[in-house]
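This is my_file.cif. It holds mmCIF, C-alpha atoms.
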```cif
data_target
loop_
_atom_site.label_atom_id
_atom_site.label_comp_id
_atom_site.auth_asym_id
_atom_site.auth_seq_id
_atom_site.Cartn_x
_atom_site.Cartn_y
_atom_site.Cartn_z
CA LYS A 1 0.00 0.00 0.00
CA LYS A 2 1.22 3.50 -0.84
CA PRO A 3 1.95 5.90 2.03
CA SER A 4 -0.15 8.95 2.89
CA LEU A 5 1.28 12.40 3.54
CA SER A 6 -0.43 15.17 5.51
CA VAL A 7 1.16 18.57 6.19
CA ARG A 8 -0.45 21.04 8.60
CA SER A 9 0.92 24.24 7.05
CA ILE A 10 3.61 25.57 4.73
CA GLU A 11 4.78 29.20 4.64
CA LEU A 12 7.04 30.48 1.86
CA PHE A 13 8.57 33.97 1.99
CA SER A 14 10.15 35.48 -1.15
CA PRO A 15 10.40 32.18 -3.05
CA HIS A 16 11.80 32.37 -6.58
CA ILE A 17 11.41 29.80 -9.35
CA SER A 18 13.61 30.07 -12.43
CA TYR A 19 13.78 27.89 -15.54
CA SER A 20 15.38 28.48 -18.94
CA GLY A 21 14.68 26.16 -21.85
CA ILE A 22 17.02 25.18 -24.65
CA PRO A 23 16.40 26.38 -28.25
CA GLY A 24 15.18 23.59 -30.50
CA SER A 25 13.95 21.33 -27.66
CA HIS A 26 10.28 20.58 -28.18
CA ARG A 27 9.82 18.58 -24.97
CA GLU A 28 11.65 20.56 -22.33
CA SER A 29 11.76 19.33 -18.73
CA PRO A 30 12.80 21.46 -15.73
CA VAL A 31 14.80 18.53 -14.31
CA GLU A 32 17.36 16.53 -16.31
CA GLY A 33 16.02 13.06 -17.04
CA ALA A 34 12.60 13.74 -15.50
CA SER A 35 9.40 13.63 -17.48
CA ALA A 36 6.73 16.31 -17.14
CA ASP A 37 4.37 13.73 -15.64
CA SER A 38 6.76 12.91 -12.81
CA LEU A 39 6.69 16.56 -11.72
CA SER A 40 2.90 16.85 -11.82
CA THR A 41 0.03 15.66 -9.68
CA LYS A 42 0.18 12.46 -11.68
CA GLY A 43 3.57 11.88 -10.12
CA LEU A 44 2.21 12.58 -6.62
CA ALA A 45 -0.62 10.11 -7.19
CA GLY A 46 1.92 7.49 -8.15
CA VAL A 47 3.79 7.94 -4.84
CA PHE A 48 1.06 8.69 -2.27
CA ASP A 49 -2.30 7.12 -1.61
CA SER A 50 -3.42 10.50 -0.28
CA PHE A 51 -1.71 13.88 -0.05
CA SER A 52 -2.95 16.99 1.79
CA ILE A 53 -1.77 20.37 3.06
CA GLY A 54 -3.88 22.18 5.67
CA SER A 55 -2.77 25.64 4.56
CA LEU A 56 -0.24 27.10 2.14
CA TYR A 57 0.89 30.71 2.36
CA VAL A 58 3.15 32.41 -0.20
CA ALA A 59 4.42 35.99 0.15
CA ASP A 60 6.40 38.07 -2.36
CA GLY A 61 7.06 35.19 -4.71
CA SER A 62 8.47 35.46 -8.22
CA VAL A 63 8.83 33.27 -11.30
CA ALA A 64 11.14 33.54 -14.33
CA TYR A 65 10.46 31.05 -17.11
CA SER A 66 11.63 30.89 -20.72
CA HIS A 67 11.21 28.29 -23.48
CA TRP A 68 11.29 28.01 -27.27
CA PRO A 69 7.97 26.89 -28.78
CA ASP A 70 8.38 26.43 -32.56
CA ASN A 71 11.92 27.86 -32.21
CA TYR A 72 10.56 31.26 -31.12
CA LYS A 73 11.77 32.49 -27.76
CA GLU A 74 9.06 33.08 -25.15
CA THR A 75 9.72 34.44 -21.66
CA TRP A 76 7.41 34.71 -18.63
CA ASN A 77 8.10 36.81 -15.53
CA VAL A 78 5.80 36.96 -12.52
CA LEU A 79 6.46 39.39 -9.65
CA GLY A 80 4.84 40.06 -6.30
CA VAL A 81 3.01 36.75 -5.90
CA TYR A 82 0.83 36.36 -2.81
CA ALA A 83 -1.36 33.31 -2.21
CA GLU A 84 -3.36 31.68 0.57
CA ILE A 85 -4.72 28.18 -0.03
CA SER A 86 -6.70 26.16 2.50
CA ASP A 87 -7.27 22.40 2.63
CA MET A 88 -5.25 21.34 -0.38
CA GLU A 89 -5.90 17.72 -1.17
CA LEU A 90 -5.03 15.03 -3.70
CA VAL A 91 -7.03 11.81 -3.61
CA PRO A 92 -6.25 9.38 -6.46
CA ALA A 93 -9.35 7.73 -7.90
CA PRO A 94 -9.39 4.07 -8.95
CA GLY A 95 -8.81 3.66 -12.69
CA GLN A 96 -7.51 7.22 -13.17
CA GLU A 97 -3.89 8.11 -13.77
CA SER A 98 -3.95 11.40 -11.88
CA ARG A 99 -6.01 13.83 -9.85
CA ALA A 100 -5.44 17.54 -9.51
CA LEU A 101 -4.55 19.30 -6.30
CA SER A 102 -7.49 21.38 -5.12
CA GLY A 103 -8.18 23.70 -2.21
CA SER A 104 -11.39 24.61 -0.43
CA SER A 105 -10.42 28.27 -0.60
CA VAL A 106 -7.82 29.99 -2.77
CA THR A 107 -6.94 33.68 -2.72
CA ALA A 108 -4.11 34.76 -5.02
CA LYS A 109 -2.69 37.91 -6.54
CA ALA A 110 0.34 39.08 -8.47
CA ASP A 111 1.67 42.58 -8.93
CA ASN A 112 2.86 41.98 -12.48
CA ILE A 113 2.82 39.19 -15.07
CA SER A 114 4.69 39.67 -18.34
CA ARG A 115 5.07 37.46 -21.37
CA THR A 116 7.58 38.38 -24.09
CA TYR A 117 7.24 36.37 -27.30
CA LYS A 118 8.00 36.26 -31.02
CA ASN A 119 11.75 36.50 -30.28
CA ASP A 120 11.31 39.59 -28.09
CA ALA A 121 9.10 41.38 -30.61
CA VAL A 122 5.99 41.70 -28.41
CA THR A 123 5.29 41.84 -24.68
CA MET A 124 2.01 41.17 -22.90
CA ILE A 125 1.76 42.78 -19.45
CA ILE A 126 -0.91 42.04 -16.84
CA GLY A 127 -0.83 44.40 -13.89
CA GLY A 128 -2.50 43.88 -10.52
CA ILE A 129 -4.26 40.55 -11.02
CA SER A 130 -6.23 39.02 -8.14
CA ALA A 131 -8.53 36.00 -7.80
CA SER A 132 -10.67 34.46 -5.08
CA THR A 133 -12.39 31.08 -5.35
CA SER A 134 -14.63 31.72 -2.32
CA ALA A 135 -15.87 35.07 -3.68
CA GLY A 136 -15.87 33.84 -7.28
CA THR A 137 -14.05 36.94 -8.50
CA LEU A 138 -11.23 37.77 -10.89
CA SER A 139 -9.87 41.26 -11.52
CA VAL A 140 -7.06 42.80 -13.55
CA ALA A 141 -5.98 46.41 -12.99
CA SER A 142 -4.40 46.72 -16.44
CA PHE A 143 -3.75 44.62 -19.54
CA ARG A 144 -1.41 45.59 -22.36
CA ILE A 145 0.09 44.07 -25.52
CA LEU A 146 3.00 46.21 -26.67
CA PRO A 147 5.05 45.69 -29.86
CA HIS A 148 8.76 46.48 -29.48
CA TYR A 149 9.16 47.86 -33.01
CA PRO A 150 7.66 50.95 -34.70
CA LYS A 151 4.57 50.49 -36.87
CA ASP A 152 6.41 50.89 -40.18
CA LYS A 153 9.26 48.52 -39.15
CA TYR A 154 7.29 45.72 -37.50
CA ALA A 155 6.36 43.53 -40.50
CA ALA A 156 9.88 43.69 -41.98
CA THR A 157 11.44 42.77 -38.62
CA VAL A 158 9.13 40.03 -37.33
CA HIS A 159 8.59 38.18 -40.65
CA ASP A 160 5.32 36.42 -39.87
CA HIS A 161 1.66 36.84 -40.78
CA SER A 162 0.85 39.27 -37.99
CA ASP A 163 0.40 43.03 -38.18
CA TRP A 164 1.57 45.63 -35.68
CA THR A 165 -1.08 45.56 -32.95
CA GLU A 166 -1.19 47.43 -29.66
CA VAL A 167 -3.80 46.61 -27.00
CA LYS A 168 -4.43 48.51 -23.77
CA PHE A 169 -7.15 47.99 -21.14
CA LYS A 170 -7.32 49.88 -17.85
CA GLY A 171 -9.54 47.39 -16.06
CA ILE A 172 -11.06 43.92 -16.42
CA SER A 173 -13.25 42.23 -13.81
CA ALA A 174 -15.35 39.07 -13.66
CA SER A 175 -17.94 37.99 -11.10
CA GLY A 176 -19.55 34.63 -10.43
CA VAL A 177 -16.45 32.77 -11.63
CA ASP A 178 -16.75 29.00 -11.30
CA TYR A 179 -13.16 27.97 -10.56
CA SER A 180 -14.07 24.29 -10.16
CA LYS A 181 -15.30 24.25 -13.76
CA LEU A 182 -12.09 25.92 -14.86
CA GLN A 183 -10.03 23.25 -13.12
CA ASN A 184 -12.10 20.20 -13.98
CA ASP A 185 -13.50 21.06 -17.43
CA LYS A 186 -10.98 23.66 -18.69
CA THR A 187 -13.90 26.07 -19.13
CA PHE A 188 -13.97 29.69 -17.95
CA ARG A 189 -17.49 30.16 -16.59
CA ALA A 190 -18.54 33.53 -15.12
CA ASP A 191 -21.82 35.33 -14.60
CA SER A 192 -20.46 38.56 -16.09
CA LEU A 193 -17.31 40.19 -17.42
CA TYR A 194 -16.67 43.96 -17.46
CA VAL A 195 -13.99 45.72 -19.52
CA LYS A 196 -13.36 49.46 -19.31
CA ASP A 197 -11.21 52.14 -20.92
CA GLY A 198 -9.62 50.02 -23.63
CA SER A 199 -7.96 50.64 -26.98
CA ILE A 200 -6.96 48.40 -29.88
CA GLU A 201 -4.77 49.85 -32.63
CA SER A 202 -3.53 47.92 -35.67
CA TYR A 203 -1.25 48.82 -38.58
CA LYS A 204 -1.02 46.95 -41.88
CA ASN A 205 2.04 47.55 -44.09
CA ARG A 206 1.26 46.28 -47.60
CA GLN A 207 4.66 47.40 -48.84
CA ILE A 208 6.19 44.43 -47.02
CA ALA A 209 5.57 41.11 -48.77
CA GLN A 210 3.81 38.55 -46.56
CA ALA A 211 2.73 35.02 -47.34
CA SER A 212 -0.95 34.90 -48.21
CA ARG A 213 -3.27 33.24 -45.72
CA ILE A 214 -6.96 32.97 -44.97
CA LYS A 215 -7.78 34.75 -41.74
CA PRO A 216 -10.38 32.97 -39.60
CA MET A 217 -13.72 34.55 -38.87
CA LEU A 218 -14.18 36.00 -35.37
CA TYR A 219 -16.44 33.13 -34.31
CA GLU A 220 -13.94 30.57 -35.68
CA THR A 221 -11.29 32.08 -33.42
CA VAL A 222 -13.65 31.66 -30.45
CA TRP A 223 -14.29 28.03 -31.48
CA ASN A 224 -10.55 27.28 -31.53
CA LEU A 225 -9.67 28.70 -28.12
CA SER A 226 -7.72 26.25 -25.95
CA MET A 227 -10.31 26.56 -23.18
CA GLY A 228 -14.08 26.68 -23.08
CA LEU A 229 -15.98 29.95 -22.59
CA ASP A 230 -19.36 30.39 -20.93
CA ILE A 231 -20.14 34.03 -20.04
CA PRO A 232 -23.80 35.12 -20.26
CA HIS A 233 -23.00 38.85 -20.22
CA VAL A 234 -19.94 40.86 -21.27
CA HIS A 235 -19.95 44.65 -21.14
CA ALA A 236 -17.23 46.95 -22.49
CA ASP A 237 -17.26 50.71 -21.99
CA GLN A 238 -15.25 53.63 -23.41
CA MET A 239 -13.38 51.61 -26.02
CA TYR A 240 -11.31 52.92 -28.92
CA ILE A 241 -10.44 51.02 -32.12
CA ARG A 242 -8.13 52.30 -34.88
CA TYR A 243 -6.88 50.66 -38.07
CA ASP A 244 -4.09 52.09 -40.28
CA GLU A 245 -3.05 50.66 -43.62
CA LEU A 246 -0.13 51.66 -45.85
CA ALA A 247 -1.00 50.79 -49.44
CA GLU A 248 1.63 49.36 -51.82
CA SER A 249 2.17 52.64 -53.67
CA ALA A 250 1.22 55.14 -50.94
CA ASP A 251 3.42 57.53 -48.98
CA GLU A 252 1.06 57.87 -46.04
CA PRO A 253 -1.25 55.29 -44.41
CA GLY A 254 -5.01 55.49 -44.53
CA MET A 255 -6.85 55.46 -41.22
CA VAL A 256 -10.27 54.64 -39.83
CA ASP A 257 -11.22 54.76 -36.17
CA PHE A 258 -14.15 54.25 -33.82
CA LYS A 259 -14.41 56.23 -30.60
CA ALA A 260 -16.55 56.03 -27.44
CA ILE A 261 -17.51 52.41 -28.11
CA LYS A 262 -19.93 50.65 -25.80
CA MET A 263 -20.41 46.95 -26.38
CA ASP A 264 -22.59 44.21 -24.92
CA VAL A 265 -22.10 40.52 -25.64
CA THR A 266 -24.87 38.16 -24.57
CA GLY A 267 -24.64 34.37 -24.39
CA LEU A 268 -20.93 34.13 -25.21
CA THR A 269 -19.88 30.48 -25.32
CA ASN A 270 -17.96 27.93 -27.38
CA ARG A 271 -19.42 24.97 -25.49
CA PRO A 272 -23.14 25.29 -26.36
CA GLU A 273 -25.78 22.74 -25.43
CA ASN A 274 -27.71 23.45 -28.64
CA PRO A 275 -25.77 23.03 -31.93
CA LYS A 276 -27.72 25.97 -33.41
CA GLN A 277 -27.03 28.27 -30.46
CA THR A 278 -25.73 31.78 -31.19
CA TYR A 279 -24.37 34.71 -29.21
CA ARG A 280 -24.89 38.41 -29.94
CA ILE A 281 -22.42 41.30 -30.06
CA ASP A 282 -24.11 44.73 -29.94
CA ALA A 283 -21.66 47.65 -30.33
CA ARG A 284 -22.32 51.41 -30.52
CA GLY A 285 -19.80 54.16 -31.14
CA MET A 286 -18.66 57.10 -33.27
CA LEU A 287 -17.08 56.58 -36.71
CA MET A 288 -14.17 59.04 -37.14
CA GLY A 289 -15.64 60.93 -34.20
CA LYS A 290 -18.42 62.28 -36.46
CA GLY A 291 -21.06 59.66 -37.21
CA ARG A 292 -22.99 57.45 -34.80
CA ILE A 293 -22.85 53.80 -35.75
CA ARG A 294 -24.39 50.64 -34.33
CA ARG A 295 -23.35 47.14 -35.32
CA VAL A 296 -25.12 43.93 -34.28
CA MET A 297 -23.63 40.49 -34.93
CA ASP A 298 -25.34 37.14 -34.34
CA LEU A 299 -22.58 34.54 -34.42
CA PRO A 300 -22.63 30.73 -34.22
CA ALA A 301 -21.47 29.26 -30.90
CA ALA A 302 -21.01 25.67 -32.08
CA ALA A 303 -18.29 24.51 -34.44
CA GLY A 304 -19.97 23.18 -37.56
CA ASN A 305 -22.74 25.79 -37.55
CA ASP A 306 -21.15 28.26 -39.95
CA PHE A 307 -24.01 30.75 -40.36
CA PHE A 308 -23.86 34.35 -39.15
CA LYS A 309 -25.81 37.60 -39.47
CA VAL A 310 -24.44 41.14 -39.23
CA SER A 311 -26.24 44.46 -39.44
CA ALA A 312 -24.88 48.00 -39.20
CA ARG A 313 -26.72 51.32 -39.15
CA MET A 314 -25.48 54.89 -39.26
CA GLY A 315 -27.09 58.28 -38.91
CA ASP A 316 -26.20 61.75 -40.13
CA MET A 317 -22.53 62.40 -40.98
CA GLU A 318 -20.45 64.89 -42.97
CA LEU A 319 -18.66 62.62 -45.46
CA ALA A 320 -15.47 64.73 -45.61
CA ALA A 321 -14.65 63.14 -42.25
CA MET A 322 -13.72 59.99 -44.23
CA ASN A 323 -10.88 61.69 -46.14
CA PRO A 324 -8.17 60.20 -43.86
CA THR A 325 -9.36 56.86 -45.28
CA THR A 326 -10.26 57.67 -48.87
CA GLU A 327 -7.29 59.88 -49.82
CA PRO A 328 -4.38 57.51 -48.99
CA LEU A 329 -6.20 54.28 -49.89
CA GLY A 330 -8.43 55.32 -52.80
CA ASN A 331 -6.88 58.55 -54.18
CA LEU A 332 -10.27 60.15 -53.63
CA LYS A 333 -10.99 63.39 -51.81
CA ILE A 334 -14.51 64.15 -50.62
CA GLU A 335 -14.96 67.88 -51.19
CA SER A 336 -18.47 68.01 -49.76
CA GLY A 337 -21.46 65.85 -49.00
CA ARG A 338 -23.64 64.67 -46.18
CA MET A 339 -24.85 61.15 -45.48
CA THR A 340 -28.29 61.11 -43.93
CA SER A 341 -28.44 57.38 -43.23
CA ALA A 342 -26.78 54.07 -44.06
CA GLU A 343 -27.67 50.43 -43.52
CA VAL A 344 -25.69 47.26 -44.20
CA MET A 345 -27.10 43.74 -43.88
CA ILE A 346 -24.86 40.66 -44.27
CA SER A 347 -25.72 36.99 -43.81
CA GLY A 348 -23.93 33.82 -44.80
CA THR A 349 -21.00 31.58 -43.94
CA SER A 350 -17.21 31.81 -43.97
CA VAL A 351 -17.34 30.62 -47.60
CA LYS A 352 -20.22 32.62 -49.07
CA ALA A 353 -22.31 35.57 -47.88
CA ASP A 354 -25.00 37.90 -49.22
CA ALA A 355 -24.88 41.64 -48.52
CA ARG A 356 -27.27 44.54 -49.00
CA THR A 357 -26.16 48.16 -48.58
CA THR A 358 -28.41 51.21 -48.61
CA ILE A 359 -26.96 54.73 -48.32
CA THR A 360 -28.81 58.02 -48.61
CA TYR A 361 -26.76 61.18 -49.12
CA GLU A 362 -26.89 64.67 -50.63
CA ASP A 363 -24.58 67.23 -52.25
CA LEU A 364 -21.74 64.73 -52.73
CA LYS A 365 -18.67 66.08 -54.55
CA ILE A 366 -15.55 63.93 -55.05
CA SER A 367 -12.18 64.80 -56.59
CA LEU A 368 -9.77 62.24 -58.06
CA LEU A 369 -6.26 62.77 -56.73
CA ARG A 370 -3.15 62.24 -58.82
CA SER A 371 -1.48 58.88 -58.16
#
```

What would the structure in this file look like if it were written as structure tokens?
Amino acid sequence: KKPSLSVRSIELFSPHISYSGIPGSHRESPVEGASADSLSTKGLAGVFDSFSIGSLYVADGSVAYSHWPDNYKETWNVLGVYAEISDMELVPAPGQESRALSGSSVTAKADNISRTYKNDAVTMIIGGISASTSAGTLSVASFRILPHYPKDKYAATVHDHSDWTEVKFKGISASGVDYSKLQNDKTFRADSLYVKDGSIESYKNRQIAQASRIKPMLYETVWNLSMGLDIPHVHADQMYIRYDELAESADEPGMVDFKAIKMDVTGLTNRPENPKQTYRIDARGMLMGKGRIRRVMDLPAAAGNDFFKVSARMGDMELAAMNPTTEPLGNLKIESGRMTSAEVMISGTSVKADARTTITYEDLKISLLRS
């Protein structure tokens, strides 16, 4: 019979864990000659019949970890780790290879988590993250994705399919988080998720040759996430989105942006009970700071149901506000004109879709610019 191990309490002050992988090694192990399984709860289950810790306390911990997935360097650094875990337990079940360690109550936070990837081209930074299993909460004070190269140099330096993209959020919070579902089913389940004061800016440089590829639809990206999602309500407030594109023969990039965006997502999931289930994204904002726009998307939640519907409506807008887009990208200057309304309806699949566009305008005057 295997032995049992019970520990009343463990306290760790300023612990530091460091690991550096080797380039070209696809199955890296932190210990020479040891498999990943032997360092996991599967290994504990193989040694002990039962394993428990009454309480675990960690203060001011840190982690430095680097590896080379697909021969691209990736580095993680975690600072200011604090954690309190009660009643940790591992009870192997008959017929199962491993069981996960779990605690009746877990409270954890970290001052800063950073991930640098694509051979030091991009860094993701999470500031002030905290989680509580008893309260069912998760909060992040700030979230950023920051490219290390300027917009016009990024594509030539990184040499992959991606465009220069910068993401900044000042606050993310979730309530009603079911941490047991996250642990047991690899599904993030929460009653609601709130995002505030965010911006997403992207730059496309068409003067740099890139291999052609088919970009997945938004809902296909959600399907292919490594974990399940089940969030009945997501609300985002005061968002900003900007897209710049430098055409092949242009000197300056064209630009389009959306300000003061408010967005509600209802029924977001990629693990639906009904194969025909959909979720809705309802976003309102200002196009180029001048025209009110509302966009509603009904997207398929289940892989295999490839049918979507999108509608967009706009009100009154002076069309000269679109010159930052039309001049660099279309060699067209809008001298005058006012749009009184616009409506776009799209329905279909990732392969084929039907669209109907209706625009009413008056006094439109356009000049063709010299190329």

**OP:** Go through A:Tyr82, A:Phe258, A:Trp164, A:Tyr219 and flag the residue nearest Pro150 of chain A, using all atoms listed in the file for the distances.
**Re:**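 Smallest separation from Pro150 of chain A among the options: A:Trp164.
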
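Here atom CA of Gln183 of chain A is placed at a distance of 19.5 Å from atom CA of Pro232 of chain A.
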
Subject >> Selection: 8 Å around Val63 of chain A, all atoms listed in the file, excl. self and same-chain fewer than 5 positions, as a ChimeraX atom specification >> reply: /A:16-18,76-79

Please tell me which residues are no farther than 12 Å from (-5.7, 65.9, -60.3) in the file, counting all atoms listed in the file, and write them as a PDB file with C-alpha atoms, in the coordinates of the input.
```pdb
ATOM      1  CA  ASN A 331      -6.880  58.550 -54.180  1.00  0.00           C
ATOM      2  CA  LEU A 332     -10.270  60.150 -53.630  1.00  0.00           C
ATOM      3  CA  LYS A 333     -10.990  63.390 -51.810  1.00  0.00           C
ATOM      4  CA  ILE A 366     -15.550  63.930 -55.050  1.00  0.00           C
ATOM      5  CA  SER A 367     -12.180  64.800 -56.590  1.00  0.00           C
ATOM      6  CA  LEU A 368      -9.770  62.240 -58.060  1.00  0.00           C
ATOM      7  CA  LEU A 369      -6.260  62.770 -56.730  1.00  0.00           C
ATOM      8  CA  ARG A 370      -3.150  62.240 -58.820  1.00  0.00           C
ATOM      9  CA  SER A 371      -1.480  58.880 -58.160  1.00  0.00           C
TER      10      SER A 371
END
```

Original post:
Looking at A:Ala131, A:Gly228, A:Val47, A:Asp264, which one is nearest to Tyr194 of chain A, with distances taken over all atoms listed in the file?
Top reply: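 Residue with the minimum atom-to-atom distance to Tyr194 of chain A: A:Asp264.
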
Subject >> Neighbour list for Ala283 of chain A as a PyMOL selection string, cut-off 7 Å, all atoms listed in the file, skip fewer than 3 positions in-chain >> reply: chain A and resi 261-264+294-296

Original post:
Which residue gives the smallest distance to Tyr179 of chain A among A:Ala110, A:Val310, A:Ala135, A:Ile53, with all atoms listed in the file counted?
Top reply: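 Going through A:Ala110, A:Val310, A:Ala135, A:Ile53 one by one, the smallest distance to Tyr179 of chain A is for A:Ala135.
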
Subject >> Near-segment 356-363 of chain A list (6 Å; all atoms listed in the file; drop same-chain fewer than 5 positions) as a PyMOL selection string >> reply: chain A and resi 337-345

Original post:
If the PyMOL selection byres ((chain A and resi 136-143) around 6) is run on the structure shown, which residues does it catch, given as number ranges by chain?
Top reply: A: 125-135, 144, 168-177

Subject >> Sphere at (3.7, 50.2, -40.1), radius 7 Å, counting all atoms listed in the file: residues as a PyMOL selection string >> reply: chain A and resi 150-154+164+203-205

Could you take the residues named above and write them with C-alpha atoms, as a PDB file, in the frame of the given file?
```
ATOM      1  CA  PRO A 150       7.660  50.950 -34.700  1.00  0.00           C
ATOM      2  CA  LYS A 151       4.570  50.490 -36.870  1.00  0.00           C
ATOM      3  CA  ASP A 152       6.410  50.890 -40.180  1.00  0.00           C
ATOM      4  CA  LYS A 153       9.260  48.520 -39.150  1.00  0.00           C
ATOM      5  CA  TYR A 154       7.290  45.720 -37.500  1.00  0.00           C
ATOM      6  CA  TRP A 164       1.570  45.630 -35.680  1.00  0.00           C
ATOM      7  CA  TYR A 203      -1.250  48.820 -38.580  1.00  0.00           C
ATOM      8  CA  LYS A 204      -1.020  46.950 -41.880  1.00  0.00           C
ATOM      9  CA  ASN A 205       2.040  47.550 -44.090  1.00  0.00           C
TER      10      ASN A 205
END
```

**OP:** Using all atoms listed in the file, determine which residues lie at most 10 Å from segment 214-217 of chain A, disregarding the query and same-chain residues fewer than 4 positions distant; provide the list as a ChimeraX atom specification.
**Re:** /A:161,221-224,299,306,349-350

Original post:
Between atom CA of Tyr72 of chain A and atom CA of Ile200 of chain A, what is the distance, to one decimal in Å?
Top reply: 24.5 Å

Would you compute, for all listed atoms of segment 255-274 of chain A, the axis-aligned bounding box grown by 5 Å on each side, and then report its centre and edge lengths in Å rounded to one decimal, as lines of an AutoDock Vina configuration file?
```
center_x = -17.3
center_y = 39.5
center_z = -32.8
size_x = 30.9
size_y = 43.5
size_z = 26.8
```

**OP:** Run the PyMOL selection byres ((chain A and resi 242-257) around 12) mentally over the shown coordinates, then write out the matched residues as number ranges by chain, using the chain letters and numbers from the document.
**Re:** A: 151-153, 155, 163-167, 198-209, 239-241, 258-261, 285-291, 293, 321-332, 370-371

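Atom pair atom CA of Lys276 of chain A / atom CA of Asp354 of chain A: separated by 20.0 Å.
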
**OP:** Using the chain letters and numbers from the file, give me the residues hit by the PyMOL selection byres ((chain A and resi 274) around 12), as a PyMOL selection string.
**Re:** chain A and resi 269-273+275-279+300-305

Original post:
If we count all atoms listed in the file, what is near Tyr117 of chain A at a cut-off of 12 Å, once residues fewer than 5 positions away on the same chain are taken out, given as a PyMOL selection string?
Top reply: chain A and resi 65-77+122-125+145-148+158

Please produce a file of the residues just selected, as a short mmCIF file (atom, residue, chain, number, x, y, z; two decimals), in the coordinates of the input, where the atoms kept are C-alpha atoms.
```cif
data_model
loop_
_atom_site.label_atom_id
_atom_site.label_comp_id
_atom_site.auth_asym_id
_atom_site.auth_seq_id
_atom_site.Cartn_x
_atom_site.Cartn_y
_atom_site.Cartn_z
CA TYR A 65 10.46 31.05 -17.11
CA SER A 66 11.63 30.89 -20.72
CA HIS A 67 11.21 28.29 -23.48
CA TRP A 68 11.29 28.01 -27.27
CA PRO A 69 7.97 26.89 -28.78
CA ASP A 70 8.38 26.43 -32.56
CA ASN A 71 11.92 27.86 -32.21
CA TYR A 72 10.56 31.26 -31.12
CA LYS A 73 11.77 32.49 -27.76
CA GLU A 74 9.06 33.08 -25.15
CA THR A 75 9.72 34.44 -21.66
CA TRP A 76 7.41 34.71 -18.63
CA ASN A 77 8.10 36.81 -15.53
CA VAL A 122 5.99 41.70 -28.41
CA THR A 123 5.29 41.84 -24.68
CA MET A 124 2.01 41.17 -22.90
CA ILE A 125 1.76 42.78 -19.45
CA ILE A 145 0.09 44.07 -25.52
CA LEU A 146 3.00 46.21 -26.67
CA PRO A 147 5.05 45.69 -29.86
CA HIS A 148 8.76 46.48 -29.48
CA VAL A 158 9.13 40.03 -37.33
#
```

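Ranking A:His235, A:Lys309, A:Lys186, A:Arg284 by their shortest atom-to-atom distance to Gly348 of chain A, with only C-alpha atoms included, puts A:Lys309 first.
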